[in-house]
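Enquirer: This is input-v4.cif, which holds mmCIF, C-alpha atoms:
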data_data
loop_
_atom_site.label_atom_id
_atom_site.label_comp_id
_atom_site.auth_asym_id
_atom_site.auth_seq_id
_atom_site.Cartn_x
_atom_site.Cartn_y
_atom_site.Cartn_z
CA MET B 930 -71.75 43.31 -15.27
CA LYS B 931 -70.88 46.95 -15.96
CA ASN B 932 -71.65 48.27 -12.49
CA TYR B 933 -70.33 45.23 -10.67
CA ALA B 934 -66.81 46.50 -9.94
CA LYS B 935 -68.06 49.73 -8.45
CA ILE B 936 -70.70 48.08 -6.27
CA SER B 937 -68.30 45.30 -5.25
CA HIS B 938 -65.77 47.88 -4.10
CA VAL B 939 -68.35 49.52 -1.82
CA VAL B 940 -69.30 46.14 -0.37
CA SER B 941 -65.70 45.09 0.17
CA LEU B 942 -64.96 48.26 2.13
CA SER B 943 -67.88 47.51 4.43
CA LEU B 944 -66.83 43.91 4.89
CA ILE B 945 -63.45 44.92 6.26
CA LEU B 946 -65.32 46.11 9.35
CA LEU B 947 -66.89 42.75 10.09
CA GLY B 948 -64.24 41.72 12.61
CA GLY B 949 -66.00 43.37 15.57
CA PHE B 950 -69.55 44.26 14.79
CA LEU B 951 -71.94 46.15 17.05
CA GLY B 952 -70.89 44.50 20.28
CA VAL B 953 -71.90 40.95 19.25
CA PRO B 954 -69.00 38.51 19.68
CA ARG B 955 -67.76 37.31 16.30
CA ALA B 956 -68.06 33.63 17.26
CA GLU B 957 -71.79 34.07 17.62
CA ALA B 958 -72.30 35.01 13.97
CA GLN B 959 -73.57 31.54 13.21
CA LEU B 960 -75.97 30.17 10.64
CA THR B 961 -76.12 26.42 10.16
CA LEU B 962 -74.98 24.93 6.90
CA GLY B 963 -78.36 23.27 6.36
CA LYS B 964 -80.22 26.56 6.66
CA LEU B 965 -77.76 28.44 4.50
CA VAL B 966 -77.91 26.02 1.58
CA GLN B 967 -81.65 25.53 2.21
CA SER B 968 -81.50 21.79 2.61
CA SER B 969 -82.46 19.32 5.33
CA GLU B 970 -80.37 16.52 3.82
CA LYS B 971 -77.66 14.77 5.82
CA ASP B 972 -73.94 14.70 5.04
CA LEU B 973 -73.99 18.29 3.82
CA ASP B 974 -70.43 18.86 5.01
CA VAL B 975 -69.21 16.39 2.42
CA ARG B 976 -71.17 17.88 -0.46
CA TYR B 977 -70.82 21.55 0.45
CA ARG B 978 -67.49 21.75 2.23
CA ASP B 979 -66.75 25.06 0.54
CA VAL B 980 -69.91 26.60 2.01
CA ALA B 981 -69.02 25.28 5.47
CA ASP B 982 -65.55 26.78 5.10
CA ALA B 983 -67.07 30.10 4.02
CA ILE B 984 -69.14 30.20 7.21
CA VAL B 985 -65.97 29.70 9.25
CA LEU B 986 -64.20 32.48 7.36
CA PHE B 987 -67.14 34.79 8.00
CA GLN B 988 -67.11 33.96 11.71
CA ARG B 989 -63.42 34.82 11.80
CA GLY B 990 -64.11 38.24 10.31
CA ASN B 991 -62.86 37.59 6.76
CA GLY B 992 -65.95 38.71 4.86
CA PRO B 993 -64.40 39.17 1.38
CA ALA B 994 -62.91 35.67 1.38
CA ALA B 995 -66.20 34.19 2.60
CA LEU B 996 -68.09 35.95 -0.19
CA ASN B 997 -65.68 34.73 -2.86
CA MET B 998 -65.93 31.18 -1.58
CA LEU B 999 -69.73 31.29 -1.60
CA ARG B 1000 -69.72 32.53 -5.18
CA THR B 1001 -67.40 29.68 -6.15
CA ALA B 1002 -69.70 27.21 -4.39
CA LYS B 1003 -72.64 28.43 -6.46
CA GLN B 1004 -70.65 27.92 -9.66
CA GLN B 1005 -69.91 24.34 -8.64
CA HIS B 1006 -73.40 23.54 -7.31
CA ALA B 1007 -76.15 25.01 -9.46
CA GLU B 1008 -78.83 24.01 -6.94
CA LEU B 1009 -77.47 26.43 -4.31
CA PRO B 1010 -78.73 29.98 -3.80
CA PRO B 1011 -76.49 32.64 -5.36
CA GLY B 1012 -73.35 33.39 -3.33
CA GLU B 1013 -74.46 36.96 -2.67
CA ILE B 1014 -77.73 35.72 -1.16
CA MET B 1015 -75.99 33.22 1.11
CA PHE B 1016 -73.62 35.96 2.21
CA ALA B 1017 -76.54 38.31 2.92
CA HIS B 1018 -78.09 35.65 5.15
CA LEU B 1019 -74.86 35.43 7.12
CA CYS B 1020 -74.80 39.20 7.52
CA PHE B 1021 -78.39 39.51 8.70
CA ALA B 1022 -78.13 36.52 11.03
CA SER B 1023 -75.17 38.17 12.75
CA GLY B 1024 -76.73 41.64 12.97
CA ASN B 1025 -74.59 43.13 10.19
CA THR B 1026 -77.39 44.84 8.31
CA LYS B 1027 -75.29 47.36 6.35
CA PRO B 1028 -73.15 44.89 4.35
CA GLY B 1029 -76.21 42.64 4.09
CA ARG B 1030 -78.16 45.39 2.38
CA GLU B 1031 -75.24 46.31 0.13
CA ILE B 1032 -74.68 42.77 -1.09
CA LEU B 1033 -78.39 42.46 -1.87
CA GLN B 1034 -78.02 45.43 -4.19
CA VAL B 1035 -75.30 43.47 -6.01
CA ALA B 1036 -77.58 40.41 -6.08
CA ALA B 1037 -80.38 42.47 -7.62
CA VAL B 1038 -78.09 42.90 -10.63
CA GLU B 1039 -76.13 39.64 -10.64
CA ALA B 1040 -78.99 37.33 -9.60
CA GLN B 1041 -82.07 39.18 -10.76
CA ASP B 1042 -83.67 35.98 -12.07
CA ASP B 1043 -83.57 34.40 -8.61
CA PRO B 1044 -86.73 35.13 -6.56
CA GLU B 1045 -84.95 35.09 -3.21
CA VAL B 1046 -83.20 38.41 -3.75
CA TRP B 1047 -86.57 40.10 -4.28
CA ASN B 1048 -88.04 38.36 -1.24
CA MET B 1049 -85.15 39.52 0.92
CA LEU B 1050 -85.35 43.10 -0.34
CA ALA B 1051 -89.10 43.05 0.20
CA ASP B 1052 -88.67 41.71 3.72
CA LEU B 1053 -86.36 44.61 4.58
CA GLN B 1054 -88.97 47.09 3.38
CA LEU B 1055 -91.69 45.29 5.31
CA ARG B 1056 -89.69 45.38 8.55
CA GLU B 1057 -89.18 49.12 8.14
CA GLY B 1058 -92.88 49.75 7.53
CA HIS B 1059 -92.49 50.68 3.87
CA PHE B 1060 -95.54 48.71 2.80
CA ALA B 1061 -95.99 50.06 -0.72
CA GLU B 1062 -92.38 49.23 -1.58
CA ALA B 1063 -92.66 45.81 0.08
CA ASP B 1064 -95.83 45.03 -1.87
CA LEU B 1065 -94.14 45.82 -5.18
CA LEU B 1066 -91.08 43.74 -4.33
CA PHE B 1067 -93.09 40.72 -3.16
CA SER B 1068 -95.10 40.95 -6.38
CA LYS B 1069 -91.80 40.96 -8.27
CA ALA B 1070 -90.70 37.89 -6.28
CA ILE B 1071 -93.91 36.05 -7.20
CA ASP B 1072 -93.44 36.87 -10.86
CA VAL B 1073 -89.78 35.80 -10.85
CA ALA B 1074 -90.55 32.62 -8.88
CA ASN B 1075 -93.22 31.58 -11.37
CA LYS B 1076 -90.63 31.86 -14.16
CA PHE B 1077 -87.73 30.35 -12.20
CA LYS B 1078 -86.11 27.35 -13.92
CA GLY B 1079 -83.62 26.40 -11.21
CA ASN B 1080 -83.91 24.24 -8.10
CA VAL B 1081 -87.57 23.14 -7.88
CA LYS B 1082 -87.54 23.01 -4.07
CA ARG B 1083 -86.13 26.53 -3.87
CA ARG B 1084 -88.68 27.74 -6.39
CA GLU B 1085 -91.56 26.43 -4.30
CA ALA B 1086 -90.07 27.71 -1.05
CA GLN B 1087 -89.52 31.19 -2.46
CA LEU B 1088 -93.01 31.30 -3.95
CA ILE B 1089 -94.42 30.42 -0.53
CA ASN B 1090 -92.22 33.10 1.08
CA ALA B 1091 -93.46 35.64 -1.45
CA TYR B 1092 -97.12 34.78 -0.83
CA ALA B 1093 -96.56 34.90 2.93
CA GLY B 1094 -94.75 38.24 2.71
CA ALA B 1095 -97.31 39.79 0.37
CA ALA B 1096 -100.06 38.64 2.72
CA MET B 1097 -98.26 40.13 5.72
CA THR B 1098 -97.72 43.41 3.89
CA ASN B 1099 -101.41 43.72 3.17
CA GLU B 1100 -102.37 42.59 6.65
CA ARG B 1101 -100.20 45.36 8.09
CA ARG B 1102 -101.92 48.01 6.00
CA SER B 1103 -105.41 46.51 6.51
CA GLN B 1104 -105.88 45.53 2.88
CA TRP B 1105 -107.80 42.43 3.93
CA GLU B 1106 -109.11 41.28 0.55
CA LEU B 1107 -105.61 41.29 -0.92
CA ALA B 1108 -104.28 39.54 2.17
CA GLU B 1109 -106.94 36.87 1.80
CA TYR B 1110 -105.98 36.34 -1.85
CA TYR B 1111 -102.31 35.72 -1.00
CA LEU B 1112 -103.11 33.55 2.02
CA ARG B 1113 -105.41 31.33 -0.05
CA ALA B 1114 -102.68 31.07 -2.72
CA TRP B 1115 -100.29 29.99 0.04
CA ILE B 1116 -102.72 27.33 1.29
CA LYS B 1117 -103.22 26.04 -2.24
CA LEU B 1118 -99.47 25.63 -2.64
CA ALA B 1119 -98.78 24.25 0.86
CA PRO B 1120 -102.03 23.07 2.49
CA GLN B 1121 -100.17 21.36 5.35
CA THR B 1122 -98.75 24.66 6.66
CA ALA B 1123 -100.56 25.21 9.95
CA GLU B 1124 -99.50 28.82 10.53
CA VAL B 1125 -101.42 30.19 7.55
CA TYR B 1126 -104.87 29.19 8.81
CA PRO B 1127 -105.04 31.53 11.83
CA ARG B 1128 -103.87 34.39 9.63
CA LEU B 1129 -106.58 33.64 7.08
CA ALA B 1130 -109.08 33.51 9.93
CA ALA B 1131 -107.88 36.94 11.05
CA THR B 1132 -108.45 38.44 7.60
CA LEU B 1133 -111.94 36.96 7.53
CA ILE B 1134 -112.70 38.40 10.97
CA ASN B 1135 -111.66 41.81 9.72
CA THR B 1136 -114.11 41.55 6.85
CA ASN B 1137 -116.85 40.36 9.24
CA HIS B 1138 -116.90 36.80 7.90
CA PHE B 1139 -116.93 35.20 11.34
CA ASP B 1140 -118.49 31.90 10.29
CA GLN B 1141 -115.88 31.48 7.56
CA ALA B 1142 -113.15 32.22 10.06
CA MET B 1143 -114.42 29.52 12.40
CA LYS B 1144 -114.61 27.05 9.49
CA VAL B 1145 -111.01 27.78 8.51
CA LEU B 1146 -109.89 26.98 12.05
CA GLN B 1147 -112.00 23.84 12.13
CA ASP B 1148 -110.36 22.81 8.86
CA LEU B 1149 -107.00 23.31 10.55
CA ARG B 1150 -107.89 20.90 13.35
CA THR B 1151 -109.22 18.39 10.85
CA LEU B 1152 -105.92 18.66 9.02
CA ASP B 1153 -104.00 18.21 12.26
CA PRO B 1154 -105.89 16.90 15.32
CA ASN B 1155 -102.99 18.03 17.50
CA GLN B 1156 -103.86 21.65 16.77
CA LEU B 1157 -105.75 23.66 19.37
CA PRO B 1158 -109.56 23.71 19.27
CA ALA B 1159 -110.98 26.30 16.90
CA GLU B 1160 -112.41 28.44 19.73
CA ILE B 1161 -109.02 28.74 21.41
CA THR B 1162 -107.20 29.60 18.19
CA LEU B 1163 -109.94 32.08 17.34
CA GLY B 1164 -109.48 33.70 20.75
CA MET B 1165 -105.75 34.04 20.18
CA THR B 1166 -106.49 35.59 16.79
CA TYR B 1167 -108.90 38.08 18.34
CA GLN B 1168 -106.23 39.03 20.89
CA ARG B 1169 -103.64 39.70 18.18
CA LEU B 1170 -106.18 41.94 16.46
CA GLY B 1171 -106.74 43.91 19.66
CA LYS B 1172 -110.31 42.64 20.06
CA THR B 1173 -109.85 41.92 23.76
CA GLU B 1174 -113.46 41.29 24.76
CA GLU B 1175 -114.06 38.91 21.86
CA ALA B 1176 -110.77 37.20 22.71
CA LYS B 1177 -111.85 36.70 26.32
CA GLN B 1178 -115.22 35.26 25.35
CA SER B 1179 -113.70 32.88 22.81
CA MET B 1180 -110.83 31.77 25.06
CA LEU B 1181 -112.98 31.14 28.12
CA GLY B 1182 -115.76 29.57 26.08
CA GLY B 1183 -113.25 27.27 24.44
CA LEU B 1184 -111.70 26.41 27.80
CA GLU B 1185 -115.08 25.47 29.26
CA LYS B 1186 -115.77 23.25 26.27
CA HIS B 1187 -112.29 21.68 26.22
CA ALA B 1188 -111.31 21.71 29.89
CA ASP B 1189 -109.75 18.28 29.58
CA ASP B 1190 -107.46 19.38 26.75
CA PHE B 1191 -103.90 20.05 27.93
CA GLY B 1192 -103.09 22.38 25.03
CA SER B 1193 -106.16 24.51 25.71
CA GLN B 1194 -105.24 24.93 29.38
CA ILE B 1195 -101.70 25.99 28.44
CA ALA B 1196 -102.93 28.36 25.71
CA VAL B 1197 -105.37 30.08 28.08
CA ALA B 1198 -102.66 30.25 30.75
CA ARG B 1199 -100.32 32.00 28.32
CA TRP B 1200 -103.07 34.32 27.16
CA SER B 1201 -103.81 35.13 30.79
CA LEU B 1202 -100.16 36.05 31.39
CA GLY B 1203 -100.34 38.35 28.38
CA VAL B 1204 -103.37 40.22 29.70
CA GLY B 1205 -102.16 40.33 33.29
CA ASP B 1206 -104.61 37.81 34.75
CA LEU B 1207 -101.99 35.96 36.76
CA ASP B 1208 -104.46 34.13 39.01
CA ARG B 1209 -106.14 32.54 36.01
CA ALA B 1210 -102.73 31.69 34.54
CA ARG B 1211 -101.84 29.80 37.71
CA THR B 1212 -105.23 28.05 37.79
CA CYS B 1213 -104.81 26.86 34.21
CA ALA B 1214 -101.25 25.79 34.91
CA ALA B 1215 -102.48 23.64 37.80
CA ALA B 1216 -105.19 22.10 35.60
CA ALA B 1217 -102.62 21.41 32.87
CA LEU B 1218 -100.28 19.74 35.36
CA ALA B 1219 -103.10 17.46 36.46
CA LEU B 1220 -103.57 16.42 32.84
CA GLN B 1221 -99.85 15.90 32.10
CA LYS B 1222 -97.84 15.44 35.27
CA ASN B 1223 -94.48 15.26 33.49
CA SER B 1224 -94.84 18.49 31.52
CA HIS B 1225 -92.50 21.39 32.24
CA LEU B 1226 -94.90 23.98 30.82
CA PRO B 1227 -96.93 24.54 34.03
CA ASP B 1228 -93.70 25.24 35.93
CA LEU B 1229 -92.67 27.76 33.27
CA ILE B 1230 -96.02 29.52 33.49
CA ASN B 1231 -95.84 29.77 37.29
CA ALA B 1232 -92.28 31.09 37.08
CA GLN B 1233 -93.34 33.68 34.51
CA ALA B 1234 -96.22 34.72 36.76
CA ASP B 1235 -93.79 35.12 39.67
CA TYR B 1236 -91.52 37.24 37.48
CA LEU B 1237 -94.36 39.52 36.40
CA GLN B 1238 -95.38 39.95 40.05
CA GLY B 1239 -91.85 40.99 40.98
CA LYS B 1240 -91.18 37.80 42.94
CA PHE B 1241 -87.79 37.43 41.34
CA ALA B 1242 -86.22 34.91 43.74
CA GLU B 1243 -89.27 32.63 43.39
CA ALA B 1244 -89.15 33.07 39.61
CA GLU B 1245 -85.47 32.16 39.58
CA ALA B 1246 -86.21 28.95 41.50
CA GLY B 1247 -89.01 28.05 39.08
CA PHE B 1248 -86.93 28.64 35.97
CA GLN B 1249 -84.00 26.80 37.57
CA LYS B 1250 -86.21 23.75 38.11
CA VAL B 1251 -87.08 23.62 34.40
CA TYR B 1252 -83.49 24.36 33.36
CA GLN B 1253 -82.14 21.44 35.39
CA ASP B 1254 -84.43 19.05 33.51
CA GLN B 1255 -84.14 20.81 30.14
CA PRO B 1256 -80.83 22.69 29.91
CA ALA B 1257 -81.49 23.70 26.30
CA ASN B 1258 -84.94 25.16 27.01
CA TYR B 1259 -84.98 28.72 25.64
CA ASP B 1260 -87.69 30.05 27.97
CA ALA B 1261 -86.02 28.57 31.04
CA ILE B 1262 -82.64 30.13 30.18
CA ASN B 1263 -84.22 33.46 29.29
CA GLY B 1264 -86.34 33.59 32.44
CA LEU B 1265 -83.49 32.43 34.66
CA ALA B 1266 -81.21 35.21 33.40
CA LEU B 1267 -83.92 37.87 33.68
CA SER B 1268 -84.91 36.92 37.22
CA MET B 1269 -81.24 36.91 38.29
CA LEU B 1270 -80.59 40.33 36.77
CA ALA B 1271 -83.62 41.73 38.57
CA GLN B 1272 -82.10 40.91 41.96
CA ASN B 1273 -79.09 43.27 41.60
CA ASP B 1274 -76.57 40.77 42.89
CA ALA B 1275 -73.08 40.94 41.34
CA ALA B 1276 -72.52 37.18 41.40
CA LYS B 1277 -75.94 36.51 39.87
CA ASN B 1278 -75.37 39.21 37.26
CA LYS B 1279 -72.21 37.44 36.14
CA LEU B 1280 -73.99 34.09 35.86
CA ALA B 1281 -76.94 35.73 34.09
CA LEU B 1282 -74.56 37.07 31.45
CA GLN B 1283 -73.38 33.53 30.77
CA TYR B 1284 -76.98 32.39 30.32
CA ALA B 1285 -77.71 35.38 28.08
CA GLU B 1286 -74.69 34.58 25.91
CA LEU B 1287 -75.87 30.98 25.64
CA ASN B 1288 -79.29 32.02 24.37
CA ALA B 1289 -77.86 34.66 22.02
CA LYS B 1290 -75.49 32.11 20.50
CA SER B 1291 -78.36 29.75 19.69
CA ASN B 1292 -80.80 32.48 18.60
CA ASN B 1293 -78.78 35.02 16.64
CA ASP B 1294 -81.12 35.99 13.81
CA PHE B 1295 -82.47 39.50 14.45
CA ARG B 1296 -85.28 38.83 11.99
CA ALA B 1297 -86.84 36.28 14.37
CA PRO B 1298 -88.68 37.20 17.60
CA ARG B 1299 -86.44 34.96 19.67
CA GLY B 1300 -83.36 36.51 18.10
CA ILE B 1301 -84.56 39.97 19.10
CA GLN B 1302 -85.44 38.82 22.61
CA ALA B 1303 -82.12 37.00 23.08
CA ALA B 1304 -80.16 40.04 21.89
CA SER B 1305 -82.17 42.28 24.20
CA LEU B 1306 -81.40 40.04 27.16
CA LEU B 1307 -77.71 40.00 26.23
CA SER B 1308 -77.60 43.79 26.10
CA TRP B 1309 -79.35 44.03 29.47
CA ALA B 1310 -76.92 41.51 31.00
CA LEU B 1311 -73.91 43.34 29.56
CA PHE B 1312 -75.16 46.58 31.12
CA HIS B 1313 -75.52 44.90 34.53
CA ASN B 1314 -71.95 43.66 34.27
CA ASP B 1315 -70.55 47.15 33.56
CA LYS B 1316 -69.98 46.46 29.88
CA LYS B 1317 -71.98 49.52 28.96
CA GLU B 1318 -70.39 50.33 25.62
CA GLU B 1319 -71.10 46.85 24.28
CA ALA B 1320 -74.59 46.97 25.75
CA ILE B 1321 -75.57 50.26 24.12
CA LYS B 1322 -74.16 49.28 20.71
CA LEU B 1323 -76.16 46.08 20.69
CA MET B 1324 -79.32 47.73 21.98
CA ALA B 1325 -79.05 50.48 19.36
CA THR B 1326 -78.96 47.80 16.67
CA ILE B 1327 -82.02 46.08 18.14
CA ILE B 1328 -84.25 49.13 18.36
CA THR B 1329 -83.14 50.41 14.95
CA ASN B 1330 -83.90 47.20 13.10
CA SER B 1331 -86.72 45.55 15.05
CA SER B 1332 -90.03 46.05 16.79
CA VAL B 1333 -89.45 45.61 20.51
CA SER B 1334 -91.55 44.56 23.49
CA PRO B 1335 -92.38 47.01 26.29
CA GLU B 1336 -89.81 45.33 28.54
CA THR B 1337 -87.07 45.68 25.93
CA GLY B 1338 -88.17 49.29 25.49
CA TYR B 1339 -87.60 49.80 29.21
CA TYR B 1340 -84.14 48.21 29.04
CA ALA B 1341 -83.22 50.46 26.14
CA ALA B 1342 -84.53 53.52 27.99
CA VAL B 1343 -82.37 52.71 31.02
CA LEU B 1344 -79.30 52.37 28.81
CA PHE B 1345 -79.92 55.62 26.96
CA ALA B 1346 -80.82 57.49 30.14
CA ASP B 1347 -77.53 56.32 31.63
CA GLN B 1348 -75.81 58.03 28.67
CA GLY B 1349 -77.75 61.22 29.28
CA ARG B 1350 -79.89 60.79 26.16
CA LYS B 1351 -83.14 61.66 27.90
CA ASP B 1352 -85.04 62.39 24.69
CA VAL B 1353 -84.53 58.86 23.39
CA ALA B 1354 -85.32 57.35 26.79
CA LYS B 1355 -88.52 59.38 27.04
CA GLU B 1356 -89.72 58.21 23.62
CA LEU B 1357 -89.00 54.57 24.44
CA LEU B 1358 -90.72 54.76 27.83
CA THR B 1359 -93.78 56.49 26.44
CA LYS B 1360 -94.22 53.77 23.86
CA ALA B 1361 -93.61 50.98 26.39
CA LEU B 1362 -96.12 52.35 28.89
CA ALA B 1363 -98.75 52.88 26.18
CA SER B 1364 -98.81 49.13 25.61
CA LYS B 1365 -101.35 47.05 27.50
CA THR B 1366 -98.92 44.15 27.67
CA PRO B 1367 -97.86 43.57 31.30
CA PHE B 1368 -94.15 43.66 32.09
CA ALA B 1369 -92.23 43.37 35.33
CA TYR B 1370 -90.70 46.86 35.24
CA ARG B 1371 -93.84 48.91 34.56
CA ASN B 1372 -93.61 50.79 37.89
CA LYS B 1373 -89.92 51.49 37.37
CA ALA B 1374 -90.66 52.61 33.81
CA GLU B 1375 -93.21 55.11 35.10
CA ALA B 1376 -90.72 56.44 37.64
CA LEU B 1377 -87.97 56.73 35.03
CA LEU B 1378 -90.29 58.58 32.66
CA GLU B 1379 -90.92 61.18 35.37
CA ALA B 1380 -87.18 61.47 35.92
CA VAL B 1381 -86.32 62.11 32.25
CA LYS B 1382 -89.09 64.60 31.54
#
Write the structure described by the file as structure tokens, please.

Expert:
Amino acid sequence: MKNYAKISHVVSLSLILLGGFLGVPRAEAQLTLGKLVQSSEKDLDVRYRDVADAIVLFQRGNGPAALNMLRTAKQQHAELPPGEIMFAHLCFASGNTKPGREILQVAAVEAQDDPEVWNMLADLQLREGHFAEADLLFSKAIDVANKFKGNVKRREAQLINAYAGAAMTNERRSQWELAEYYLRAWIKLAPQTAEVYPRLAATLINTNHFDQAMKVLQDLRTLDPNQLPAEITLGMTYQRLGKTEEAKQSMLGGLEKHADDFGSQIAVARWSLGVGDLDRARTCAAAALALQKNSHLPDLINAQADYLQGKFAEAEAGFQKVYQDQPANYDAINGLALSMLAQNDAAKNKLALQYAELNAKSNNDFRAPRGIQAASLLSWALFHNDKKEEAIKLMATIITNSSVSPETGYYAAVLFADQGRKDVAKELLTKALASKTPFAYRNKAEALLEAVK
């Protein structure tokens, strides 16, 4: 407790600034009560009213009061995460990384016997590419989780998170044997978790255990018959590893074998979009539609193909069709806004901003791919509506704290070039154009790179 007052003072000073953070509207700093208290139970508002009230205070910009209320909630409900950890989640979910980091430093002292603080600190290091530090912190989280005497559900969840993070850390630095160890520990603890199997298959591929990799994926489909066929999943795994020829052989071989499988047709269509084979994407979309006439996925794929080909009006119509049937569909809203913005029409730009704000409100965690994508779209829409200061602040946060797609890299380059920061724009464009991932603005990115040299 000795250092608490000093650290708390630093945190409190930072929290005063939470009223208007980095161009993201305060009302969008949302994290559901269920996620924050790590429970899927109903009637949480009754049991954890103080936590719900703390979320409201945070959204209104009163960080210190929210933090105090969360600490009080923990004292009254031992099963909850520590108040500092809940507050850190609110900070990160709203893009406020600085106070989030600072409160985690407090938690490392005040809640050092809780594994979540070590998982969160490790995750920050992992996102920044500090793999040695992340590995040590995930190991610490595993050790603390194994000794944890509190909420049993939280203990198991944090142990799984630690195994998953330690595996990811070692995957990123190509330490495949260590990654395999952590992935198998994860499977042992939670064998029903589908996402771990493709990652284990990837580690086995990297150690040339191809037959074992195929068996792991076959085990996955035995576990859940709704999963994709092993050949398709293996192809997707090859693609993530950059083994493009092996990916093609596995994907097309799997498609030939499972041509009557809707999921396989959709998976190959999406893979085809990712490698720029738009004709094949459309062919698979047509085959998928024949298998499931009421599915919206073929329409989304065709709209995405139109967007990548620069047929923005056609793409808008395709995304609009899906949006009318599924107004909460993330991909439809995202694609609709992007295709409108690409047409340089003031009225459409204004409507696109509304769509972008809708997606950003529902996907506001910068640690998740959709959160990054939604924030990127919002920044791009703000720029097209002459809200350049807000746009650049948000985009700066995105590229500082996240890995971005080539298209987001292009957006960021346009924003920075508009400010005269040609060096930053050049770096972003060079990285975007080095990627083999197709994106609609590749030609414009090439032209802009010439202009900023």

Enquirer: Nearest to B:Pro993: which of B:Ala1131, B:Leu1229, B:Ile1032, B:Ala1210 is it, counting all atoms listed in the file?

Expert: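 Using all atoms listed in the file, the shortest distance to B:Pro993 belongs to B:Ile1032.
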
Enquirer: What is the distance, in Å and to one decimal place, between atom CA of B:Gln1283 and atom CA of B:Ala1310?

Expert: 8.7 Å

Enquirer: Care to translate the PyMOL selection byres ((chain B and resi 1295) around 8) into actual residues of this file, as number ranges by chain?

Expert: B: 1021-1024, 1293-1294, 1296-1301, 1304, 1327, 1330-1331

Enquirer: Report the residues retrieved by the PyMOL selection byres ((chain B and resi 1020) around 10) from the displayed file, expressed as a ChimeraX atom specification.

Expert: /B:944,947,958-960,987,992,1014-1019,1021-1030,1032,1294

Enquirer: The PyMOL selection byres ((chain B and resi 1341) around 12) on the file shown: which residues, as a ChimeraX atom specification?

Expert: /B:1304-1310,1312,1317,1320-1329,1333-1340,1342-1348,1350-1351,1353-1358,1360-1361,1374,1377

Enquirer: So what do you get for atom CA of B:Lys1316 versus atom CA of B:Thr1366, distance-wise?

Expert: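 Result for atom CA of B:Lys1316 versus atom CA of B:Thr1366: 29.1 Å, one decimal.
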
Enquirer: Extract, using all atoms listed in the file, all DNA, RNA and protein residues at most 10 Å from B:Ser1068, discarding same-chain residues fewer than 6 positions from it, and format them as a ChimeraX atom specification.

Expert: /B:1047-1048,1051,1062,1074,1091-1092,1094-1095
